[in-house]
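Worksheet: the structure to be examined is printed underneath.
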Amino acid sequence: MAVLVRLPGSLRDTVGGSGKIQARGETLGDVIADVDARYPGFAARVLDERGGLRTYVSVFIGDKDARDIGGTAARIPAGSEIMLVPAMAGGWAV
Amino acid sequence: MPTSTVNNYATSAMRLSTDRVRELVRGTILERIGDTPLVPLRRFGAGLRGELWAKVEAANPGGSVKDRAALWMVLAAEEAGTLPDPFRAMLDATSGNTGVALAMVGAVRGHAVTLCLPDRVSIERKRVAMAFGARVVLTDPLEGTDGAIREAQRLATTQPDRFVYLDQYSNAANAAAHARTTAPEVWTQTRGELTHFVAGVGTGGTIVGSSRFLRRKGVRIVAVQPDQAFHGLDGLKHMASAIRPPIWDESAADEHATVSTDEAHGLIRRLAREEGLLVGPSSGAALAVGLRIAAREESMVVVLLPDGGERYLSTPLWE
């Protein structure tokens with residue numbers, strides 16, 4: 001299913017500069033893989049070597065923290081919006 | 001846009017002395033800001049050519065190095081006559097620690113505080129700042145600290161009758177606090193033997209201010225930044241991609257180093273287990289660079305650890 005993925009300024013260089021991209025997938029892992037297929041290197045920025053979310057990456061599926069609903073296995077409800085942000089707040093620009 | 005308050009407070013910041021600050025805060029908790037412990041990292045630094053020492057800023061009453069800058073910025077505004085103001089609140093943008101510090105100082109000095117924080121910052125700092133009575137304006141998490149800065153600038157511009165914009169990124173008192181407290185402390189605590197001072201760059205105040213005092217003593221100043229724009233080193237800025245703080249001056253440092261978030265996080269977990277020090281992510285970045293220096297040369301390296309790890313317990317860092 002199609003979802004909208006919103007990205008912080010610090011990740012936009014990995015997807016050609018856009019802050020919003022469309023992606024497809026049944027789970028969060030599928031969505032990340034779909035983005036990575038079009039923009040190689042994206043998954044490595046947000047996933048660790050074991051395939052889990054990096055400790056400093058937070059992903060919200062709608063209002064829910066993906067970590068609370070299965071991490072990369074979290075199901076993506078129809079019409080959802082996904083937002084990726086650093087898990088802590090440092091400085092980054094648009 | 002009010003991008004700079006340097007000119008507003010520079011004169012009062014330069015006039016502010018440590019004796020005057022002590023006099024102003026005597027008999028309050030603010031008296032305990034500064035004079036933080038310097039701890040040798042004997043197990044952590046075993047086998048290195050140099051010695052590694054940690055300046056533990058979590059020992060400040062507000063829990064971070066930002067207590068110093070907050071106190072000096074507020075007192076500089078008071079000395080300039082801008083505060084107290086019964087109709088205007090102190091305003092600043094922060095990723096959290098400065099907010100806690102300003103809220104604490106504001107509570108003691110009787111000034112209202114409004115903070116612009118990116119939404120989704122670690123909840124501990126937001127709640128602590130609110131517990132001290134601060135009002136919090138949450139900004140778009142996708143815009144990060146820079147989004148909070150833009151919102152603070154907007155509020156200061158559109159509602160000058162409601163806010164006194166302290167602007168830690170431009171405020172000369174921020175750097176002055178380190179020139180007159182942090183740097184002299186480490187010089188005295190090491191009996192003048194330190195060779196390197198290592199700290200992260202967020203506003204740039206720690207490096208710029210400490211450099212002012214320590215460089216003339218022959219100490220090498222080392223500035224640390226995240227290695228990429230998307231990072232988890234809270235409070236630090238990747239300068240190449242962020243809004244440049246007006247007080248930041250690259251020439252204040254003799255060396256510039258970068259650290260990955262993974263390396264920094266690994267080191268703070270190790271530090272907790274080996275030295276009993278629970279610190280935040282930006283401490284790990286400074287530690288990484290301190291270790292590199294102590295490994296390469298005979299030295300006495302002082303690494304500034306900005307805050308404690310308790311403020312990050314709700315994040316995935318310690319899972």
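Here's how to read the names in the structure tokens: chain A, B, ... by the order shown, residue numbers from 1 in each chain, ligand numbers from 1 in the order shown.
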
Within 7 Å of chain A: each chain B residue with its shortest pair, only C-alpha atoms, as CSV:
residue,atom,partner,partner_atom,distance
B:Ser95,CA,A:Ala89,CA,5.6
B:Val121,CA,A:Ala89,CA,5.4
B:Ser122,CA,A:Met88,CA,6.1
B:Pro141,CA,A:Val85,CA,6.7
B:Leu142,CA,A:Pro8,CA,4.3
B:Glu143,CA,A:Pro8,CA,6.2
B:Gly144,CA,A:Trp92,CA,5.8
B:Thr145,CA,A:Gly91,CA,5.0
B:Asp146,CA,A:Ala93,CA,5.7
B:Ala229,CA,A:Ser10,CA,5.0
B:Phe230,CA,A:Ser10,CA,4.8
B:His231,CA,A:Pro86,CA,6.7
B:Gly232,CA,A:Tyr56,CA,4.8
B:Leu233,CA,A:Gly90,CA,6.1
B:Asp234,CA,A:Gly90,CA,4.4
B:Gly235,CA,A:Gly90,CA,4.7
B:Leu236,CA,A:Gly90,CA,5.6
B:Lys237,CA,A:Gly91,CA,4.6
B:His238,CA,A:Gly91,CA,6.7
B:Ser241,CA,A:Ala93,CA,5.8
B:Ala242,CA,A:Ala93,CA,4.5
B:Ile243,CA,A:Ala93,CA,6.4
B:Thr315,CA,A:Ala87,CA,6.7
B:Pro316,CA,A:Thr55,CA,5.2
B:Leu317,CA,A:Thr55,CA,5.4

For the residues in the current selection, export N, CA and C atoms as an mmCIF file, in the first residue's frame.
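And here's part-v5.cif as it stands now:
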data_model
loop_
_atom_site.group_PDB
_atom_site.id
_atom_site.type_symbol
_atom_site.label_atom_id
_atom_site.label_comp_id
_atom_site.auth_asym_id
_atom_site.auth_seq_id
_atom_site.Cartn_x
_atom_site.Cartn_y
_atom_site.Cartn_z
ATOM 1 N N SER B 95 17.396 22.570 22.528
ATOM 2 C CA SER B 95 17.041 21.155 22.379
ATOM 3 C C SER B 95 16.781 20.554 23.752
ATOM 4 N N VAL B 121 11.563 15.890 21.598
ATOM 5 C CA VAL B 121 12.822 15.861 22.351
ATOM 6 C C VAL B 121 12.611 14.937 23.542
ATOM 7 N N SER B 122 13.701 14.505 24.157
ATOM 8 C CA SER B 122 13.547 13.561 25.264
ATOM 9 C C SER B 122 12.611 14.193 26.295
ATOM 10 N N PRO B 141 9.176 18.692 14.737
ATOM 11 C CA PRO B 141 10.351 17.833 14.976
ATOM 12 C C PRO B 141 11.204 17.636 13.725
ATOM 13 N N LEU B 142 10.569 17.759 12.554
ATOM 14 C CA LEU B 142 11.334 17.580 11.314
ATOM 15 C C LEU B 142 12.301 18.734 11.070
ATOM 16 N N GLU B 143 12.073 19.848 11.718
ATOM 17 C CA GLU B 143 12.951 21.013 11.539
ATOM 18 C C GLU B 143 14.038 21.074 12.618
ATOM 19 N N GLY B 144 13.961 20.201 13.631
ATOM 20 C CA GLY B 144 15.011 20.119 14.644
ATOM 21 C C GLY B 144 15.218 21.404 15.418
ATOM 22 N N THR B 145 16.421 21.554 15.962
ATOM 23 C CA THR B 145 16.734 22.747 16.745
ATOM 24 C C THR B 145 16.660 23.998 15.886
ATOM 25 N N ASP B 146 17.013 23.865 14.627
ATOM 26 C CA ASP B 146 16.955 25.039 13.747
ATOM 27 C C ASP B 146 15.525 25.536 13.577
ATOM 28 N N ALA B 229 25.039 14.994 9.181
ATOM 29 C CA ALA B 229 23.912 15.849 9.575
ATOM 30 C C ALA B 229 22.875 15.087 10.401
ATOM 31 N N PHE B 230 22.592 13.851 10.035
ATOM 32 C CA PHE B 230 21.602 13.044 10.757
ATOM 33 C C PHE B 230 22.338 12.272 11.843
ATOM 34 N N HIS B 231 22.146 12.710 13.086
ATOM 35 C CA HIS B 231 22.937 12.118 14.166
ATOM 36 C C HIS B 231 22.136 12.046 15.454
ATOM 37 N N GLY B 232 22.711 11.385 16.441
ATOM 38 C CA GLY B 232 22.052 11.257 17.733
ATOM 39 C C GLY B 232 22.907 11.802 18.856
ATOM 40 N N LEU B 233 23.661 12.839 18.544
ATOM 41 C CA LEU B 233 24.540 13.454 19.557
ATOM 42 C C LEU B 233 23.873 14.733 20.033
ATOM 43 N N ASP B 234 22.995 14.540 20.971
ATOM 44 C CA ASP B 234 22.109 15.607 21.406
ATOM 45 C C ASP B 234 22.854 16.858 21.844
ATOM 46 N N GLY B 235 22.425 17.985 21.309
ATOM 47 C CA GLY B 235 23.041 19.255 21.699
ATOM 48 C C GLY B 235 24.188 19.677 20.801
ATOM 49 N N LEU B 236 24.746 18.733 20.045
ATOM 50 C CA LEU B 236 25.845 19.094 19.139
ATOM 51 C C LEU B 236 25.286 19.455 17.764
ATOM 52 N N LYS B 237 26.030 20.295 17.065
ATOM 53 C CA LYS B 237 25.609 20.710 15.731
ATOM 54 C C LYS B 237 26.603 20.231 14.682
ATOM 55 N N HIS B 238 26.047 19.747 13.577
ATOM 56 C CA HIS B 238 26.854 19.470 12.391
ATOM 57 C C HIS B 238 26.868 20.778 11.613
ATOM 58 N N SER B 241 25.785 21.745 7.987
ATOM 59 C CA SER B 241 24.401 21.655 7.520
ATOM 60 C C SER B 241 23.424 22.426 8.400
ATOM 61 N N ALA B 242 23.900 23.050 9.465
ATOM 62 C CA ALA B 242 22.996 23.699 10.411
ATOM 63 C C ALA B 242 23.084 25.218 10.312
ATOM 64 N N ILE B 243 22.127 25.889 10.969
ATOM 65 C CA ILE B 243 22.233 27.338 11.100
ATOM 66 C C ILE B 243 23.482 27.639 11.918
ATOM 67 N N THR B 315 14.749 7.254 25.960
ATOM 68 C CA THR B 315 15.105 7.078 24.553
ATOM 69 C C THR B 315 15.649 5.658 24.344
ATOM 70 N N PRO B 316 15.794 5.239 23.091
ATOM 71 C CA PRO B 316 16.288 3.875 22.843
ATOM 72 C C PRO B 316 17.758 3.676 23.221
ATOM 73 N N LEU B 317 18.435 4.747 23.586
ATOM 74 C CA LEU B 317 19.873 4.674 23.837
ATOM 75 C C LEU B 317 20.258 3.599 24.839
#

Practice problem: Tell me, as a VMD selection string, which residues lie within 10 Å of Arg15 of chain B, counting only C-alpha atoms; anything in the same chain fewer than 5 positions away does not count. | Solution: chain B and resid 9 to 10 20 76 79 173 176

Quiz prompt | Surrounding residues of Glu275 of chain B excluding itself and chain neighbours under 3 positions, 12 Å, only C-alpha atoms, as a list in words | solution = Val39, Pro40, Leu41, Arg42, Arg43, Phe44, Gly45, Ala46, Trp53, Ala54, Leu267, Ile268, Arg269, Arg270, Leu271, Ala272, Leu278 and Val279 of chain B

Could those residues be written to a file, using all heavy atoms, as a compact mmCIF listing (two decimals), in the first residue's frame?
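What landed in result_15.txt:
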# COMPACT_ATOMS: atom_id res chain seq x y z
N VAL B 39 37.48 14.34 37.12
CA VAL B 39 37.68 12.95 37.54
C VAL B 39 38.66 12.26 36.59
O VAL B 39 38.48 12.30 35.38
CB VAL B 39 36.33 12.19 37.51
CG1 VAL B 39 36.51 10.74 37.90
CG2 VAL B 39 35.31 12.87 38.41
N PRO B 40 39.69 11.60 37.13
CA PRO B 40 40.60 10.84 36.24
C PRO B 40 39.92 9.56 35.76
O PRO B 40 39.28 8.87 36.55
CB PRO B 40 41.79 10.52 37.15
CG PRO B 40 41.22 10.52 38.54
CD PRO B 40 40.09 11.50 38.54
N LEU B 41 40.03 9.28 34.47
CA LEU B 41 39.42 8.05 33.91
C LEU B 41 40.51 6.99 33.83
O LEU B 41 41.03 6.70 32.76
CB LEU B 41 38.79 8.35 32.55
CG LEU B 41 37.74 9.47 32.54
CD1 LEU B 41 37.16 9.66 31.14
CD2 LEU B 41 36.62 9.19 33.55
N ARG B 42 40.84 6.40 34.96
CA ARG B 42 42.01 5.52 35.04
C ARG B 42 41.78 4.19 34.32
O ARG B 42 42.67 3.70 33.63
CB ARG B 42 42.38 5.29 36.50
CG ARG B 42 42.83 6.58 37.20
CD ARG B 42 43.83 6.35 38.30
NE ARG B 42 44.40 7.62 38.73
CZ ARG B 42 43.87 8.42 39.69
NH1 ARG B 42 42.77 8.05 40.32
NH2 ARG B 42 44.46 9.55 40.02
N ARG B 43 40.60 3.59 34.50
CA ARG B 43 40.36 2.31 33.82
C ARG B 43 40.10 2.56 32.34
O ARG B 43 40.60 1.85 31.48
CB ARG B 43 39.15 1.60 34.43
CG ARG B 43 39.42 1.08 35.83
CD ARG B 43 38.21 0.36 36.38
NE ARG B 43 37.93 -0.88 35.67
CZ ARG B 43 36.80 -1.57 35.79
NH1 ARG B 43 35.83 -1.12 36.56
NH2 ARG B 43 36.62 -2.69 35.12
N PHE B 44 39.30 3.55 32.07
CA PHE B 44 38.92 3.88 30.70
C PHE B 44 40.15 4.24 29.86
O PHE B 44 40.24 3.88 28.69
CB PHE B 44 37.96 5.07 30.76
CG PHE B 44 37.04 5.19 29.60
CD1 PHE B 44 35.98 4.32 29.45
CD2 PHE B 44 37.20 6.20 28.67
CE1 PHE B 44 35.09 4.44 28.39
CE2 PHE B 44 36.34 6.32 27.61
CZ PHE B 44 35.27 5.45 27.47
N GLY B 45 41.07 4.94 30.49
CA GLY B 45 42.24 5.40 29.75
C GLY B 45 43.49 4.57 29.99
O GLY B 45 44.60 5.00 29.63
N ALA B 46 43.33 3.37 30.55
CA ALA B 46 44.50 2.53 30.85
C ALA B 46 45.26 2.18 29.58
O ALA B 46 44.66 1.87 28.55
CB ALA B 46 44.05 1.26 31.56
N TRP B 53 41.09 12.90 31.65
CA TRP B 53 40.31 13.41 32.79
C TRP B 53 38.94 13.90 32.29
O TRP B 53 38.85 14.45 31.20
CB TRP B 53 41.03 14.56 33.48
CG TRP B 53 42.30 14.16 34.17
CD1 TRP B 53 43.46 13.75 33.59
CD2 TRP B 53 42.54 14.12 35.59
NE1 TRP B 53 44.41 13.46 34.54
CE2 TRP B 53 43.87 13.69 35.78
CE3 TRP B 53 41.75 14.42 36.71
CZ2 TRP B 53 44.43 13.54 37.05
CZ3 TRP B 53 42.32 14.29 37.98
CH2 TRP B 53 43.64 13.83 38.14
N ALA B 54 37.94 13.73 33.15
CA ALA B 54 36.58 14.13 32.76
C ALA B 54 36.07 15.26 33.63
O ALA B 54 36.12 15.18 34.86
CB ALA B 54 35.64 12.93 32.87
N LEU B 267 30.74 4.37 23.60
CA LEU B 267 31.65 4.82 24.66
C LEU B 267 30.92 5.22 25.94
O LEU B 267 31.43 4.99 27.04
CB LEU B 267 32.50 5.99 24.16
CG LEU B 267 33.60 5.61 23.19
CD1 LEU B 267 34.28 6.85 22.61
CD2 LEU B 267 34.64 4.71 23.87
N ILE B 268 29.73 5.78 25.82
CA ILE B 268 29.05 6.16 27.07
C ILE B 268 28.54 4.92 27.80
O ILE B 268 28.48 4.91 29.03
CB ILE B 268 27.93 7.21 26.87
CG1 ILE B 268 26.81 6.69 25.99
CG2 ILE B 268 28.49 8.51 26.34
CD1 ILE B 268 25.60 7.64 25.97
N ARG B 269 28.20 3.88 27.06
CA ARG B 269 27.81 2.62 27.74
C ARG B 269 29.02 2.06 28.47
O ARG B 269 28.92 1.58 29.60
CB ARG B 269 27.27 1.62 26.72
CG ARG B 269 25.96 2.04 26.11
CD ARG B 269 25.33 0.92 25.28
NE ARG B 269 24.29 1.47 24.43
CZ ARG B 269 24.43 1.73 23.12
NH1 ARG B 269 25.56 1.44 22.51
NH2 ARG B 269 23.45 2.26 22.44
N ARG B 270 30.18 2.12 27.82
CA ARG B 270 31.42 1.62 28.43
C ARG B 270 31.81 2.47 29.66
O ARG B 270 32.22 1.93 30.69
CB ARG B 270 32.54 1.70 27.38
CG ARG B 270 33.66 0.70 27.62
CD ARG B 270 34.76 0.91 26.59
NE ARG B 270 36.03 1.18 27.28
CZ ARG B 270 37.08 1.70 26.72
NH1 ARG B 270 37.06 2.05 25.44
NH2 ARG B 270 38.18 1.89 27.42
N LEU B 271 31.64 3.78 29.54
CA LEU B 271 32.00 4.67 30.64
C LEU B 271 31.17 4.37 31.89
O LEU B 271 31.69 4.38 33.01
CB LEU B 271 31.79 6.13 30.23
CG LEU B 271 32.34 7.17 31.21
CD1 LEU B 271 33.86 7.24 31.13
CD2 LEU B 271 31.75 8.55 30.94
N ALA B 272 29.90 4.09 31.68
CA ALA B 272 29.02 3.77 32.82
C ALA B 272 29.53 2.51 33.53
O ALA B 272 29.59 2.47 34.77
CB ALA B 272 27.59 3.59 32.34
N LEU B 278 27.38 7.95 34.45
CA LEU B 278 26.28 7.85 33.50
C LEU B 278 26.11 9.21 32.83
O LEU B 278 25.73 10.18 33.49
CB LEU B 278 24.99 7.47 34.25
CG LEU B 278 23.79 7.10 33.39
CD1 LEU B 278 24.04 5.82 32.61
CD2 LEU B 278 22.54 6.94 34.25
N VAL B 279 26.45 9.28 31.55
CA VAL B 279 26.47 10.58 30.86
C VAL B 279 25.66 10.52 29.58
O VAL B 279 25.26 9.44 29.12
CB VAL B 279 27.93 11.02 30.55
CG1 VAL B 279 28.71 11.24 31.83
CG2 VAL B 279 28.62 10.00 29.65

Practice problem: Could you give me, as a ChimeraX atom specification, the residues within 7 Å of Val3 of chain A, counting only C-alpha atoms and dropping anything in the same chain fewer than 4 positions from it? | Solution: /A:22-24,79-81

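Taking atom CA of Ala59 of chain B and atom CA of Gly96 of chain B as endpoints, the distance between them is 16.8 Å.
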
Just want the 10 Å neighbourhood of Val289 of chain B, counted on only C-alpha atoms, with same-chain residues fewer than 3 positions away dropped. Output as a PDB file with C-alpha atoms, in the first residue's frame.
ATOM      1  CA  VAL B 198      38.156  18.716  24.352  1.00  0.00           C
ATOM      2  CA  ALA B 199      34.502  19.756  24.033  1.00  0.00           C
ATOM      3  CA  GLY B 200      31.627  19.431  21.624  1.00  0.00           C
ATOM      4  CA  VAL B 222      39.860  20.559  20.359  1.00  0.00           C
ATOM      5  CA  ALA B 223      36.325  20.977  18.965  1.00  0.00           C
ATOM      6  CA  VAL B 224      34.070  17.988  18.295  1.00  0.00           C
ATOM      7  CA  HIS B 256      38.476  19.956  14.709  1.00  0.00           C
ATOM      8  CA  ALA B 257      37.352  16.339  14.967  1.00  0.00           C
ATOM      9  CA  THR B 258      34.241  14.418  13.992  1.00  0.00           C
ATOM     10  CA  VAL B 259      32.663  11.397  15.669  1.00  0.00           C
ATOM     11  CA  ALA B 264      29.839   7.920  20.917  1.00  0.00           C
ATOM     12  CA  GLY B 284      30.579  10.090  24.190  1.00  0.00           C
ATOM     13  CA  ALA B 285      31.636  12.235  21.247  1.00  0.00           C
ATOM     14  CA  ALA B 286      34.075  14.251  23.360  1.00  0.00           C
ATOM     15  CA  ARG B 292      42.375   9.494  20.210  1.00  0.00           C
ATOM     16  CA  ILE B 293      44.590  12.266  21.567  1.00  0.00           C
ATOM     17  CA  ALA B 294      45.660  10.342  24.666  1.00  0.00           C
ATOM     18  CA  ALA B 295      46.471   7.335  22.468  1.00  0.00           C
ATOM     19  CA  VAL B 301      43.535  15.606  28.183  1.00  0.00           C
ATOM     20  CA  VAL B 303      37.214  16.107  28.231  1.00  0.00           C
TER      21      VAL B 303
END

Exercise. Would you list, as an NGL selection string, the residues of segment 56-190 of chain B that end up in strand (DSSP E or B) under DSSP run on this structure's backbone?
Key: :B and (56 or 64 or 89-93 or 113-118 or 135-139 or 163-165)

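Note that atom CA of Thr36 of chain B and atom CA of Asp262 of chain B are 27.5 Å apart.
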
Quiz prompt | For Leu30 of chain B: contacts at 9 Å, only C-alpha atoms, fewer than 3 positions along chain excluded, given as a list in words | solution = Arg22, Val25, Arg26, Gly27, Ile33, Pro61, Asp67, Leu71, Met104, Val105 and Val108 of chain B

Selection file, N, CA, C and O atoms, as an mmCIF file, in the first residue's frame:
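As a result, result_15.cif now contains:
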data_model
loop_
_atom_site.group_PDB
_atom_site.id
_atom_site.type_symbol
_atom_site.label_atom_id
_atom_site.label_comp_id
_atom_site.auth_asym_id
_atom_site.auth_seq_id
_atom_site.Cartn_x
_atom_site.Cartn_y
_atom_site.Cartn_z
ATOM 1 N N ARG B 22 28.915 35.737 41.898
ATOM 2 C CA ARG B 22 28.789 35.120 43.235
ATOM 3 C C ARG B 22 27.924 35.984 44.157
ATOM 4 O O ARG B 22 27.088 35.481 44.889
ATOM 5 N N VAL B 25 24.139 35.725 43.333
ATOM 6 C CA VAL B 25 23.425 34.451 43.554
ATOM 7 C C VAL B 25 23.633 33.893 44.959
ATOM 8 O O VAL B 25 23.163 32.793 45.258
ATOM 9 N N ARG B 26 24.326 34.638 45.795
ATOM 10 C CA ARG B 26 24.637 34.136 47.143
ATOM 11 C C ARG B 26 23.364 33.726 47.885
ATOM 12 O O ARG B 26 22.349 34.410 47.830
ATOM 13 N N GLY B 27 23.450 32.558 48.525
ATOM 14 C CA GLY B 27 22.325 32.091 49.331
ATOM 15 C C GLY B 27 21.224 31.402 48.537
ATOM 16 O O GLY B 27 20.150 31.142 49.069
ATOM 17 N N ILE B 33 26.293 26.453 40.900
ATOM 18 C CA ILE B 33 26.647 26.283 39.478
ATOM 19 C C ILE B 33 28.154 26.463 39.327
ATOM 20 O O ILE B 33 28.734 27.417 39.835
ATOM 21 N N PRO B 61 23.604 22.064 39.381
ATOM 22 C CA PRO B 61 22.265 21.820 39.957
ATOM 23 C C PRO B 61 21.175 21.560 38.921
ATOM 24 O O PRO B 61 20.237 20.813 39.182
ATOM 25 N N ASP B 67 23.853 25.199 32.632
ATOM 26 C CA ASP B 67 23.588 26.062 33.789
ATOM 27 C C ASP B 67 24.492 27.287 33.759
ATOM 28 O O ASP B 67 24.088 28.393 34.139
ATOM 29 N N LEU B 71 22.943 31.042 33.488
ATOM 30 C CA LEU B 71 23.118 31.983 34.598
ATOM 31 C C LEU B 71 23.748 33.282 34.112
ATOM 32 O O LEU B 71 23.270 34.382 34.427
ATOM 33 N N MET B 104 15.309 26.923 35.503
ATOM 34 C CA MET B 104 15.754 26.908 36.893
ATOM 35 C C MET B 104 16.218 28.306 37.331
ATOM 36 O O MET B 104 15.819 28.801 38.399
ATOM 37 N N VAL B 105 17.046 28.934 36.499
ATOM 38 C CA VAL B 105 17.552 30.266 36.845
ATOM 39 C C VAL B 105 16.388 31.262 36.911
ATOM 40 O O VAL B 105 16.317 32.097 37.825
ATOM 41 N N VAL B 108 14.483 31.004 40.174
ATOM 42 C CA VAL B 108 15.176 31.612 41.322
ATOM 43 C C VAL B 108 15.180 33.138 41.219
ATOM 44 O O VAL B 108 14.977 33.837 42.217
#

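The shell of residues at most 8 Å from Leu28 of chain A, with only C-alpha atoms counted and near chain neighbours (fewer than 6 positions) removed, consists of Gly71, Thr72, Ala73, Ala74, Arg75 and Ile76 of chain A.
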